[in-house]
Amino acid sequence: MNDVRSATAVWPGIAPAILVCAAAPAFFVLEIPWLGWALLALGIAAAWWMERGRVRAPGPSLTRDLSLIAIGLLIVSVIPLAAELDNLAMLRFTLALGGAVAVPYVVSRYLYRDRAIGFPWRTHRRWGRLQWGWLVAVLLLGWLILPFYFITSGVYQNWPVVDTPDLIARLFVGVGAVGIWDELFFICTVFALLRRHFPDALANVLQAIVFVSFLWELGYREWGPLLTIPFALLQGFIFLRTHSLAYVVTVHLLFDAVVFAVLVHAHNPGLLPIFLV
C-alpha cells in the first residue's frame, strides 16, 4: 500500500492525470485520434508546468510517469482493436500491444533511470482460502453472467465467426494473450505509475478508465461497462491485496476461458451445451 499523500501533493496532479487517462476513451470509445493526442499533450504539459525544474529531480516525477502512460496509449492507438484472427491482424496485435508494455518499461529503466515499472510475478506467499475461493467464484459468475451478456446483447458478433478447429484455436490464443497483456499494461504499468502520485483508490479509478475504454473498442459494448468497470476495479484491488501478477493473471485467464467458451457457443449453438442461454 502506498503512503498516504497530503492534499497539497495530490490535488494539483489530478487534472494532468485525468487529462492523460481521458485520452483512452477519446482513442478507444469515441475513436477521435486528434482529441486523444490533444488530451495527452495537455496533460503532460500541465504536469511539466507544475513540476517545472523538478522534472529531472530524484524521485517520482508526474511528468515522466504520465509520459510513459501516454507512450503506451499512443502505441495501442495506432491499430484498430476490432477482433480479427488472420495472420496479419494477430501480428499487428502482437507488435502494438507488446510495444505498449515494452517501450514504457525500457524508457523508464534506461532513459529515465527509474524503476517505476515492474512485474512482480510471485510474492513467495501461498494463496489462501479466500484467493482460491475467488478463483472458483470467477468461474461460476462468468458461467452465469457472460452467456446472458454476450448472447442477449448480440456483442458476440463483435468477434469473428469461429466455426473451424483452426479459428477456434486462434481465438483461444488471442483471448488468452490479450488477457495477460491487460494485466501487464493496465495494472503493472498504468496503475503502478499512478500509485506513485495518488492514493490507491484514486489511482485504481483512473486505471479503470483506461482499462474499460480499451475493452469497449475490443468488443465489450452495449451494457458491457456494467461488467468491465467492476472487473477493472476488482483487478486493481486484488493486486493491492496480493501484490502478485501471477494471481491477477490467473483470475483474468479464468474469466477469459469462460469468454472463449461463450464465443464458441454463441457462434456454434449446441457445440458446447453447458450454458443456460
# chains A, B, ... in the order shown; residues from 1 in each chain; ligands from 1
call {"tool": "residues_around", "arguments": {"residues": "stretch 203-208 of chain A", "least_positions_apart": "6", "cutoff": "10 Å", "atoms": "only C-alpha atoms", "output": "PyMOL selection string"}}
result
chain A and resi 14+17-18+20-22+24+185-187+189-197+214+228-237+240
call {"tool": "residues_around", "arguments": {"residues": "A:Trp49", "least_positions_apart": "4", "cutoff": "12 Å", "atoms": "only C-alpha atoms", "output": "PyMOL selection string"}}
result
chain A and resi 12-13+16+42-45+53-55+62-63
call {"tool": "write_last_selection", "arguments": {"atoms": "N, CA and C atoms", "output": "mmCIF file, in the first residue's frame"}}
result
data_model
loop_
_atom_site.group_PDB
_atom_site.id
_atom_site.type_symbol
_atom_site.label_atom_id
_atom_site.label_comp_id
_atom_site.auth_asym_id
_atom_site.auth_seq_id
_atom_site.Cartn_x
_atom_site.Cartn_y
_atom_site.Cartn_z
ATOM 1 N N PRO A 12 -3.167 18.951 -6.907
ATOM 2 C CA PRO A 12 -2.714 19.623 -8.133
ATOM 3 C C PRO A 12 -2.424 18.653 -9.272
ATOM 4 N N GLY A 13 -2.033 17.441 -8.964
ATOM 5 C CA GLY A 13 -1.686 16.482 -10.005
ATOM 6 C C GLY A 13 -2.866 15.749 -10.603
ATOM 7 N N PRO A 16 -3.790 16.895 -14.554
ATOM 8 C CA PRO A 16 -2.981 16.290 -15.624
ATOM 9 C C PRO A 16 -3.227 14.793 -15.776
ATOM 10 N N LEU A 42 -1.956 18.055 -23.479
ATOM 11 C CA LEU A 42 -2.362 18.972 -22.419
ATOM 12 C C LEU A 42 -2.008 18.418 -21.041
ATOM 13 N N GLY A 43 -2.252 17.113 -20.850
ATOM 14 C CA GLY A 43 -1.962 16.506 -19.552
ATOM 15 C C GLY A 43 -0.486 16.539 -19.218
ATOM 16 N N ILE A 44 0.368 16.190 -20.160
ATOM 17 C CA ILE A 44 1.806 16.179 -19.906
ATOM 18 C C ILE A 44 2.335 17.606 -19.762
ATOM 19 N N ALA A 45 1.804 18.522 -20.570
ATOM 20 C CA ALA A 45 2.230 19.920 -20.452
ATOM 21 C C ALA A 45 1.841 20.495 -19.095
ATOM 22 N N GLY A 53 11.214 22.841 -13.000
ATOM 23 C CA GLY A 53 12.603 22.420 -12.849
ATOM 24 C C GLY A 53 12.786 21.130 -12.079
ATOM 25 N N ARG A 54 11.698 20.556 -11.517
ATOM 26 C CA ARG A 54 11.822 19.339 -10.718
ATOM 27 C C ARG A 54 11.607 18.057 -11.524
ATOM 28 N N VAL A 55 11.389 18.197 -12.855
ATOM 29 C CA VAL A 55 11.114 17.020 -13.672
ATOM 30 C C VAL A 55 12.269 16.037 -13.611
ATOM 31 N N LEU A 62 5.756 13.222 -11.890
ATOM 32 C CA LEU A 62 4.456 13.046 -12.523
ATOM 33 C C LEU A 62 4.578 13.202 -14.037
ATOM 34 N N THR A 63 5.388 14.146 -14.485
ATOM 35 C CA THR A 63 5.559 14.354 -15.925
ATOM 36 C C THR A 63 6.124 13.115 -16.593
#
call {"tool": "residues_around", "arguments": {"residues": "stretch 111-125 of chain A", "least_positions_apart": "6", "cutoff": "8 Å", "atoms": "only C-alpha atoms", "output": "list of chain:residue names"}}
result
A:Pro60, A:Arg64, A:Asp65, A:Tyr105, A:Leu184, A:Cys188, A:Thr189, A:Ala192, A:Leu193, A:Thr242, A:His243, A:Ser244, A:Leu245, A:Ala246
call {"tool": "write_last_selection", "arguments": {"atoms": "all heavy atoms", "output": "compact mmCIF listing (two decimals), in the first residue's frame"}}
result
# COMPACT_ATOMS: atom_id res chain seq x y z
N PRO A 60 10.04 10.15 -7.84
CA PRO A 60 8.99 10.08 -8.85
C PRO A 60 8.67 11.44 -9.45
O PRO A 60 8.59 12.45 -8.74
CB PRO A 60 7.78 9.54 -8.07
CG PRO A 60 8.37 8.83 -6.89
CD PRO A 60 9.59 9.62 -6.53
N ARG A 64 7.17 12.57 -16.01
CA ARG A 64 7.79 11.37 -16.60
C ARG A 64 6.82 10.20 -16.59
O ARG A 64 6.69 9.47 -17.58
CB ARG A 64 9.07 11.00 -15.86
CG ARG A 64 10.19 12.02 -15.97
CD ARG A 64 11.53 11.40 -15.60
NE ARG A 64 11.53 10.80 -14.28
CZ ARG A 64 11.94 11.40 -13.16
NH1 ARG A 64 12.39 12.65 -13.22
NH2 ARG A 64 11.93 10.77 -11.99
N ASP A 65 6.13 10.01 -15.46
CA ASP A 65 5.26 8.85 -15.35
C ASP A 65 4.05 8.97 -16.27
O ASP A 65 3.62 7.98 -16.89
CB ASP A 65 4.81 8.67 -13.89
CG ASP A 65 5.97 8.21 -12.99
OD1 ASP A 65 6.99 7.75 -13.55
OD2 ASP A 65 5.84 8.32 -11.76
N TYR A 105 8.54 0.45 -20.41
CA TYR A 105 9.47 -0.19 -19.48
C TYR A 105 10.91 0.18 -19.80
O TYR A 105 11.69 0.56 -18.91
CB TYR A 105 9.29 -1.70 -19.54
CG TYR A 105 10.28 -2.46 -18.68
CD1 TYR A 105 10.07 -2.63 -17.32
CD2 TYR A 105 11.44 -3.00 -19.24
CE1 TYR A 105 10.98 -3.32 -16.53
CE2 TYR A 105 12.36 -3.69 -18.47
CZ TYR A 105 12.13 -3.85 -17.11
OH TYR A 105 13.04 -4.53 -16.34
N LEU A 184 -0.46 -6.76 -17.65
CA LEU A 184 0.87 -6.17 -17.79
C LEU A 184 0.79 -4.67 -18.01
O LEU A 184 1.61 -3.90 -17.48
CB LEU A 184 1.63 -6.82 -18.95
CG LEU A 184 1.97 -8.31 -18.81
CD1 LEU A 184 2.63 -8.81 -20.09
CD2 LEU A 184 2.88 -8.55 -17.61
N CYS A 188 0.25 -3.37 -14.10
CA CYS A 188 1.68 -3.23 -13.79
C CYS A 188 2.32 -1.99 -14.39
O CYS A 188 3.42 -1.61 -13.99
CB CYS A 188 2.44 -4.47 -14.27
SG CYS A 188 2.03 -5.95 -13.34
N THR A 189 1.66 -1.36 -15.34
CA THR A 189 2.20 -0.13 -15.93
C THR A 189 1.36 1.07 -15.51
O THR A 189 1.81 1.91 -14.73
CB THR A 189 2.27 -0.26 -17.47
OG1 THR A 189 3.07 -1.39 -17.82
CG2 THR A 189 2.87 1.00 -18.08
N ALA A 192 0.49 1.07 -11.63
CA ALA A 192 1.73 1.23 -10.85
C ALA A 192 2.27 2.64 -10.95
O ALA A 192 2.72 3.22 -9.94
CB ALA A 192 2.77 0.22 -11.34
N LEU A 193 2.21 3.24 -12.12
CA LEU A 193 2.71 4.60 -12.29
C LEU A 193 1.83 5.61 -11.55
O LEU A 193 2.33 6.55 -10.92
CB LEU A 193 2.77 4.95 -13.78
CG LEU A 193 3.83 4.19 -14.59
CD1 LEU A 193 3.62 4.41 -16.08
CD2 LEU A 193 5.24 4.63 -14.18
N THR A 242 -2.72 -8.70 -2.99
CA THR A 242 -1.84 -9.86 -3.18
C THR A 242 -0.43 -9.47 -3.63
O THR A 242 0.52 -10.23 -3.41
CB THR A 242 -2.42 -10.81 -4.24
OG1 THR A 242 -2.47 -10.15 -5.51
CG2 THR A 242 -3.82 -11.26 -3.85
N HIS A 243 -0.31 -8.30 -4.30
CA HIS A 243 0.97 -7.89 -4.89
C HIS A 243 1.51 -8.98 -5.82
O HIS A 243 2.73 -9.11 -5.97
CB HIS A 243 2.00 -7.56 -3.81
CG HIS A 243 1.55 -6.47 -2.88
ND1 HIS A 243 1.49 -5.15 -3.24
CD2 HIS A 243 1.09 -6.54 -1.59
CE1 HIS A 243 1.05 -4.43 -2.22
NE2 HIS A 243 0.79 -5.25 -1.22
N SER A 244 0.62 -9.74 -6.43
CA SER A 244 1.03 -10.89 -7.24
C SER A 244 0.46 -10.76 -8.64
O SER A 244 -0.76 -10.85 -8.85
CB SER A 244 0.54 -12.19 -6.59
OG SER A 244 0.75 -13.28 -7.47
N LEU A 245 1.34 -10.56 -9.61
CA LEU A 245 0.92 -10.56 -11.01
C LEU A 245 0.38 -11.93 -11.39
O LEU A 245 -0.58 -12.04 -12.15
CB LEU A 245 2.09 -10.17 -11.91
CG LEU A 245 1.85 -10.23 -13.41
CD1 LEU A 245 0.70 -9.33 -13.82
CD2 LEU A 245 3.14 -9.85 -14.16
N ALA A 246 0.98 -12.98 -10.85
CA ALA A 246 0.53 -14.34 -11.17
C ALA A 246 -0.94 -14.53 -10.79
O ALA A 246 -1.71 -15.16 -11.54
CB ALA A 246 1.39 -15.37 -10.43
call {"tool": "residues_around", "arguments": {"residues": "A:Glu31", "least_positions_apart": "3", "cutoff": "12 Å", "atoms": "only C-alpha atoms", "output": "ChimeraX atom specification"}}
result
/A:23-28,34-37,77-81,213-214,216-217
call {"tool": "write_last_selection", "arguments": {"atoms": "C-alpha atoms", "output": "PDB file, in the first residue's frame"}}
result
ATOM      1  CA  ALA A  23      -7.256  10.141 -23.833  1.00  0.00           C
ATOM      2  CA  ALA A  24      -8.199   6.441 -23.601  1.00  0.00           C
ATOM      3  CA  PRO A  25     -11.947   6.973 -24.164  1.00  0.00           C
ATOM      4  CA  ALA A  26     -11.067   9.511 -26.854  1.00  0.00           C
ATOM      5  CA  PHE A  27      -8.986   6.889 -28.675  1.00  0.00           C
ATOM      6  CA  PHE A  28     -10.984   3.732 -27.987  1.00  0.00           C
ATOM      7  CA  TRP A  34      -6.804  14.096 -32.608  1.00  0.00           C
ATOM      8  CA  LEU A  35      -8.756  14.505 -29.366  1.00  0.00           C
ATOM      9  CA  GLY A  36      -6.676  11.782 -27.734  1.00  0.00           C
ATOM     10  CA  TRP A  37      -3.440  13.439 -28.908  1.00  0.00           C
ATOM     11  CA  SER A  77      -3.990   3.585 -30.673  1.00  0.00           C
ATOM     12  CA  VAL A  78      -2.156   3.092 -33.980  1.00  0.00           C
ATOM     13  CA  ILE A  79      -4.003  -0.176 -34.708  1.00  0.00           C
ATOM     14  CA  PRO A  80      -7.710  -0.973 -34.946  1.00  0.00           C
ATOM     15  CA  LEU A  81      -8.736  -3.093 -31.976  1.00  0.00           C
ATOM     16  CA  SER A 213     -12.067   2.121 -22.723  1.00  0.00           C
ATOM     17  CA  PHE A 214      -9.761  -0.456 -24.296  1.00  0.00           C
ATOM     18  CA  TRP A 216     -15.002  -1.173 -25.261  1.00  0.00           C
ATOM     19  CA  GLU A 217     -13.219  -0.964 -28.620  1.00  0.00           C
TER      20      GLU A 217
END
call {"tool": "decode", "arguments": {"residues": "stretch 119-266 of chain A", "atoms": "C-alpha atoms", "output": "PDB file, in the first residue's frame"}}
result
ATOM      1  CA  PHE A 119       6.231  -7.196 -12.979  1.00  0.00           C
ATOM      2  CA  PRO A 120       6.080  -8.930  -9.568  1.00  0.00           C
ATOM      3  CA  TRP A 121       5.132 -12.387 -10.765  1.00  0.00           C
ATOM      4  CA  ARG A 122       5.379 -14.182  -7.433  1.00  0.00           C
ATOM      5  CA  THR A 123       5.297 -12.997  -3.835  1.00  0.00           C
ATOM      6  CA  HIS A 124       6.514 -16.278  -2.257  1.00  0.00           C
ATOM      7  CA  ARG A 125       3.260 -16.424  -0.321  1.00  0.00           C
ATOM      8  CA  ARG A 126       0.766 -19.236  -0.771  1.00  0.00           C
ATOM      9  CA  TRP A 127      -2.710 -18.384  -1.876  1.00  0.00           C
ATOM     10  CA  GLY A 128      -5.143 -18.660   0.993  1.00  0.00           C
ATOM     11  CA  ARG A 129      -8.693 -19.952   1.077  1.00  0.00           C
ATOM     12  CA  LEU A 130     -10.035 -16.542   0.052  1.00  0.00           C
ATOM     13  CA  GLN A 131      -7.836 -16.456  -3.045  1.00  0.00           C
ATOM     14  CA  TRP A 132      -8.760 -19.995  -4.092  1.00  0.00           C
ATOM     15  CA  GLY A 133     -12.411 -19.291  -3.347  1.00  0.00           C
ATOM     16  CA  TRP A 134     -12.365 -16.220  -5.578  1.00  0.00           C
ATOM     17  CA  LEU A 135     -10.991 -18.287  -8.473  1.00  0.00           C
ATOM     18  CA  VAL A 136     -13.955 -20.651  -8.138  1.00  0.00           C
ATOM     19  CA  ALA A 137     -16.324 -17.665  -7.871  1.00  0.00           C
ATOM     20  CA  VAL A 138     -14.903 -16.129 -11.069  1.00  0.00           C
ATOM     21  CA  LEU A 139     -15.721 -19.303 -12.997  1.00  0.00           C
ATOM     22  CA  LEU A 140     -19.201 -19.552 -11.506  1.00  0.00           C
ATOM     23  CA  LEU A 141     -20.060 -15.882 -12.021  1.00  0.00           C
ATOM     24  CA  GLY A 142     -18.689 -15.983 -15.555  1.00  0.00           C
ATOM     25  CA  TRP A 143     -20.772 -19.073 -16.343  1.00  0.00           C
ATOM     26  CA  LEU A 144     -23.915 -17.363 -15.037  1.00  0.00           C
ATOM     27  CA  ILE A 145     -23.446 -13.835 -16.415  1.00  0.00           C
ATOM     28  CA  LEU A 146     -21.313 -13.900 -19.565  1.00  0.00           C
ATOM     29  CA  PRO A 147     -23.584 -16.036 -21.795  1.00  0.00           C
ATOM     30  CA  PHE A 148     -26.529 -13.777 -20.991  1.00  0.00           C
ATOM     31  CA  TYR A 149     -24.458 -10.656 -21.741  1.00  0.00           C
ATOM     32  CA  PHE A 150     -22.839 -11.838 -24.973  1.00  0.00           C
ATOM     33  CA  ILE A 151     -25.867 -13.537 -26.500  1.00  0.00           C
ATOM     34  CA  THR A 152     -28.812 -11.333 -25.486  1.00  0.00           C
ATOM     35  CA  SER A 153     -26.936  -8.121 -26.327  1.00  0.00           C
ATOM     36  CA  GLY A 154     -25.540  -9.510 -29.549  1.00  0.00           C
ATOM     37  CA  VAL A 155     -21.999  -8.351 -28.760  1.00  0.00           C
ATOM     38  CA  TYR A 156     -20.634 -11.813 -29.580  1.00  0.00           C
ATOM     39  CA  GLN A 157     -20.911 -10.636 -33.191  1.00  0.00           C
ATOM     40  CA  ASN A 158     -18.085  -8.173 -32.476  1.00  0.00           C
ATOM     41  CA  TRP A 159     -15.823 -11.241 -32.611  1.00  0.00           C
ATOM     42  CA  PRO A 160     -15.344 -13.167 -35.878  1.00  0.00           C
ATOM     43  CA  VAL A 161     -17.225 -16.386 -36.546  1.00  0.00           C
ATOM     44  CA  VAL A 162     -15.204 -19.346 -35.285  1.00  0.00           C
ATOM     45  CA  ASP A 163     -16.509 -22.467 -36.990  1.00  0.00           C
ATOM     46  CA  THR A 164     -13.357 -24.446 -37.741  1.00  0.00           C
ATOM     47  CA  PRO A 165     -10.748 -26.005 -35.428  1.00  0.00           C
ATOM     48  CA  ASP A 166      -8.115 -23.566 -36.724  1.00  0.00           C
ATOM     49  CA  LEU A 167     -10.229 -20.494 -35.981  1.00  0.00           C
ATOM     50  CA  ILE A 168     -11.251 -21.831 -32.571  1.00  0.00           C
ATOM     51  CA  ALA A 169      -7.573 -22.387 -31.705  1.00  0.00           C
ATOM     52  CA  ARG A 170      -6.682 -18.876 -32.882  1.00  0.00           C
ATOM     53  CA  LEU A 171      -9.489 -17.410 -30.773  1.00  0.00           C
ATOM     54  CA  PHE A 172      -8.251 -19.326 -27.726  1.00  0.00           C
ATOM     55  CA  VAL A 173      -4.700 -17.988 -28.165  1.00  0.00           C
ATOM     56  CA  GLY A 174      -5.869 -14.448 -28.899  1.00  0.00           C
ATOM     57  CA  VAL A 175      -8.262 -14.177 -25.957  1.00  0.00           C
ATOM     58  CA  GLY A 176      -5.659 -15.513 -23.533  1.00  0.00           C
ATOM     59  CA  ALA A 177      -2.814 -13.371 -24.872  1.00  0.00           C
ATOM     60  CA  VAL A 178      -4.836 -10.169 -24.674  1.00  0.00           C
ATOM     61  CA  GLY A 179      -5.934 -11.088 -21.137  1.00  0.00           C
ATOM     62  CA  ILE A 180      -2.308 -11.422 -20.000  1.00  0.00           C
ATOM     63  CA  TRP A 181      -1.416  -8.164 -21.725  1.00  0.00           C
ATOM     64  CA  ASP A 182      -4.270  -6.383 -19.933  1.00  0.00           C
ATOM     65  CA  GLU A 183      -2.633  -7.052 -16.578  1.00  0.00           C
ATOM     66  CA  LEU A 184       0.873  -6.171 -17.788  1.00  0.00           C
ATOM     67  CA  PHE A 185      -0.277  -2.798 -19.110  1.00  0.00           C
ATOM     68  CA  PHE A 186      -3.253  -1.649 -17.063  1.00  0.00           C
ATOM     69  CA  ILE A 187      -2.115  -2.965 -13.677  1.00  0.00           C
ATOM     70  CA  CYS A 188       1.679  -3.233 -13.788  1.00  0.00           C
ATOM     71  CA  THR A 189       2.199  -0.132 -15.934  1.00  0.00           C
ATOM     72  CA  VAL A 190      -0.703   2.351 -15.718  1.00  0.00           C
ATOM     73  CA  PHE A 191      -1.832   1.533 -12.166  1.00  0.00           C
ATOM     74  CA  ALA A 192       1.726   1.225 -10.849  1.00  0.00           C
ATOM     75  CA  LEU A 193       2.709   4.604 -12.294  1.00  0.00           C
ATOM     76  CA  LEU A 194      -0.384   6.355 -10.952  1.00  0.00           C
ATOM     77  CA  ARG A 195       0.091   4.889  -7.470  1.00  0.00           C
ATOM     78  CA  ARG A 196       3.397   6.746  -7.189  1.00  0.00           C
ATOM     79  CA  HIS A 197       1.443  10.019  -7.040  1.00  0.00           C
ATOM     80  CA  PHE A 198      -2.104   9.308  -5.852  1.00  0.00           C
ATOM     81  CA  PRO A 199      -3.913   7.300  -3.176  1.00  0.00           C
ATOM     82  CA  ASP A 200      -4.636   3.734  -4.190  1.00  0.00           C
ATOM     83  CA  ALA A 201      -8.391   4.249  -4.620  1.00  0.00           C
ATOM     84  CA  LEU A 202      -7.938   7.240  -6.919  1.00  0.00           C
ATOM     85  CA  ALA A 203      -5.216   5.520  -8.934  1.00  0.00           C
ATOM     86  CA  ASN A 204      -7.492   2.493  -9.306  1.00  0.00           C
ATOM     87  CA  VAL A 205     -10.359   4.583 -10.673  1.00  0.00           C
ATOM     88  CA  LEU A 206      -8.034   6.277 -13.164  1.00  0.00           C
ATOM     89  CA  GLN A 207      -6.602   2.988 -14.415  1.00  0.00           C
ATOM     90  CA  ALA A 208     -10.122   1.602 -14.741  1.00  0.00           C
ATOM     91  CA  ILE A 209     -10.984   4.440 -17.144  1.00  0.00           C
ATOM     92  CA  VAL A 210      -8.148   3.323 -19.398  1.00  0.00           C
ATOM     93  CA  PHE A 211      -8.893  -0.390 -18.949  1.00  0.00           C
ATOM     94  CA  VAL A 212     -12.624  -0.142 -19.710  1.00  0.00           C
ATOM     95  CA  SER A 213     -12.067   2.121 -22.723  1.00  0.00           C
ATOM     96  CA  PHE A 214      -9.761  -0.456 -24.296  1.00  0.00           C
ATOM     97  CA  LEU A 215     -12.244  -3.245 -23.653  1.00  0.00           C
ATOM     98  CA  TRP A 216     -15.002  -1.173 -25.261  1.00  0.00           C
ATOM     99  CA  GLU A 217     -13.219  -0.964 -28.620  1.00  0.00           C
ATOM    100  CA  LEU A 218     -12.167  -4.594 -28.292  1.00  0.00           C
ATOM    101  CA  GLY A 219     -15.849  -5.554 -28.345  1.00  0.00           C
ATOM    102  CA  TYR A 220     -17.331  -5.308 -24.835  1.00  0.00           C
ATOM    103  CA  ARG A 221     -20.040  -2.832 -25.848  1.00  0.00           C
ATOM    104  CA  GLU A 222     -23.756  -2.297 -25.239  1.00  0.00           C
ATOM    105  CA  TRP A 223     -24.101  -2.668 -21.447  1.00  0.00           C
ATOM    106  CA  GLY A 224     -20.647  -4.224 -21.191  1.00  0.00           C
ATOM    107  CA  PRO A 225     -19.234  -1.452 -18.951  1.00  0.00           C
ATOM    108  CA  LEU A 226     -21.588  -2.657 -16.194  1.00  0.00           C
ATOM    109  CA  LEU A 227     -19.353  -5.748 -16.158  1.00  0.00           C
ATOM    110  CA  THR A 228     -15.978  -4.343 -17.189  1.00  0.00           C
ATOM    111  CA  ILE A 229     -15.911  -1.419 -14.733  1.00  0.00           C
ATOM    112  CA  PRO A 230     -16.294  -3.643 -11.629  1.00  0.00           C
ATOM    113  CA  PHE A 231     -13.850  -6.132 -13.152  1.00  0.00           C
ATOM    114  CA  ALA A 232     -11.184  -3.470 -13.744  1.00  0.00           C
ATOM    115  CA  LEU A 233     -11.596  -2.049 -10.232  1.00  0.00           C
ATOM    116  CA  LEU A 234     -11.509  -5.514  -8.663  1.00  0.00           C
ATOM    117  CA  GLN A 235      -8.333  -6.433 -10.527  1.00  0.00           C
ATOM    118  CA  GLY A 236      -6.641  -3.313  -9.161  1.00  0.00           C
ATOM    119  CA  PHE A 237      -7.901  -4.055  -5.657  1.00  0.00           C
ATOM    120  CA  ILE A 238      -6.804  -7.696  -5.845  1.00  0.00           C
ATOM    121  CA  PHE A 239      -3.332  -6.635  -6.955  1.00  0.00           C
ATOM    122  CA  LEU A 240      -3.109  -4.291  -3.963  1.00  0.00           C
ATOM    123  CA  ARG A 241      -4.007  -7.154  -1.629  1.00  0.00           C
ATOM    124  CA  THR A 242      -1.839  -9.860  -3.184  1.00  0.00           C
ATOM    125  CA  HIS A 243       0.968  -7.895  -4.893  1.00  0.00           C
ATOM    126  CA  SER A 244       1.030 -10.886  -7.237  1.00  0.00           C
ATOM    127  CA  LEU A 245       0.918 -10.561 -11.006  1.00  0.00           C
ATOM    128  CA  ALA A 246       0.528 -14.341 -11.165  1.00  0.00           C
ATOM    129  CA  TYR A 247      -2.726 -14.178  -9.223  1.00  0.00           C
ATOM    130  CA  VAL A 248      -4.389 -11.351 -11.177  1.00  0.00           C
ATOM    131  CA  VAL A 249      -3.344 -13.042 -14.433  1.00  0.00           C
ATOM    132  CA  THR A 250      -4.872 -16.312 -13.205  1.00  0.00           C
ATOM    133  CA  VAL A 251      -8.138 -14.526 -12.367  1.00  0.00           C
ATOM    134  CA  HIS A 252      -8.171 -12.873 -15.768  1.00  0.00           C
ATOM    135  CA  LEU A 253      -7.396 -16.075 -17.661  1.00  0.00           C
ATOM    136  CA  LEU A 254     -10.199 -17.931 -15.885  1.00  0.00           C
ATOM    137  CA  PHE A 255     -12.582 -15.125 -16.827  1.00  0.00           C
ATOM    138  CA  ASP A 256     -11.311 -15.220 -20.409  1.00  0.00           C
ATOM    139  CA  ALA A 257     -11.666 -19.001 -20.543  1.00  0.00           C
ATOM    140  CA  VAL A 258     -15.383 -18.510 -19.990  1.00  0.00           C
ATOM    141  CA  VAL A 259     -15.425 -15.689 -22.567  1.00  0.00           C
ATOM    142  CA  PHE A 260     -13.793 -18.026 -25.086  1.00  0.00           C
ATOM    143  CA  ALA A 261     -16.277 -20.821 -24.382  1.00  0.00           C
ATOM    144  CA  VAL A 262     -19.224 -18.416 -24.678  1.00  0.00           C
ATOM    145  CA  LEU A 263     -17.993 -17.065 -28.024  1.00  0.00           C
ATOM    146  CA  VAL A 264     -17.589 -20.587 -29.395  1.00  0.00           C
ATOM    147  CA  HIS A 265     -21.046 -21.486 -28.071  1.00  0.00           C
ATOM    148  CA  ALA A 266     -22.651 -18.339 -29.497  1.00  0.00           C
TER     149      ALA A 266
END
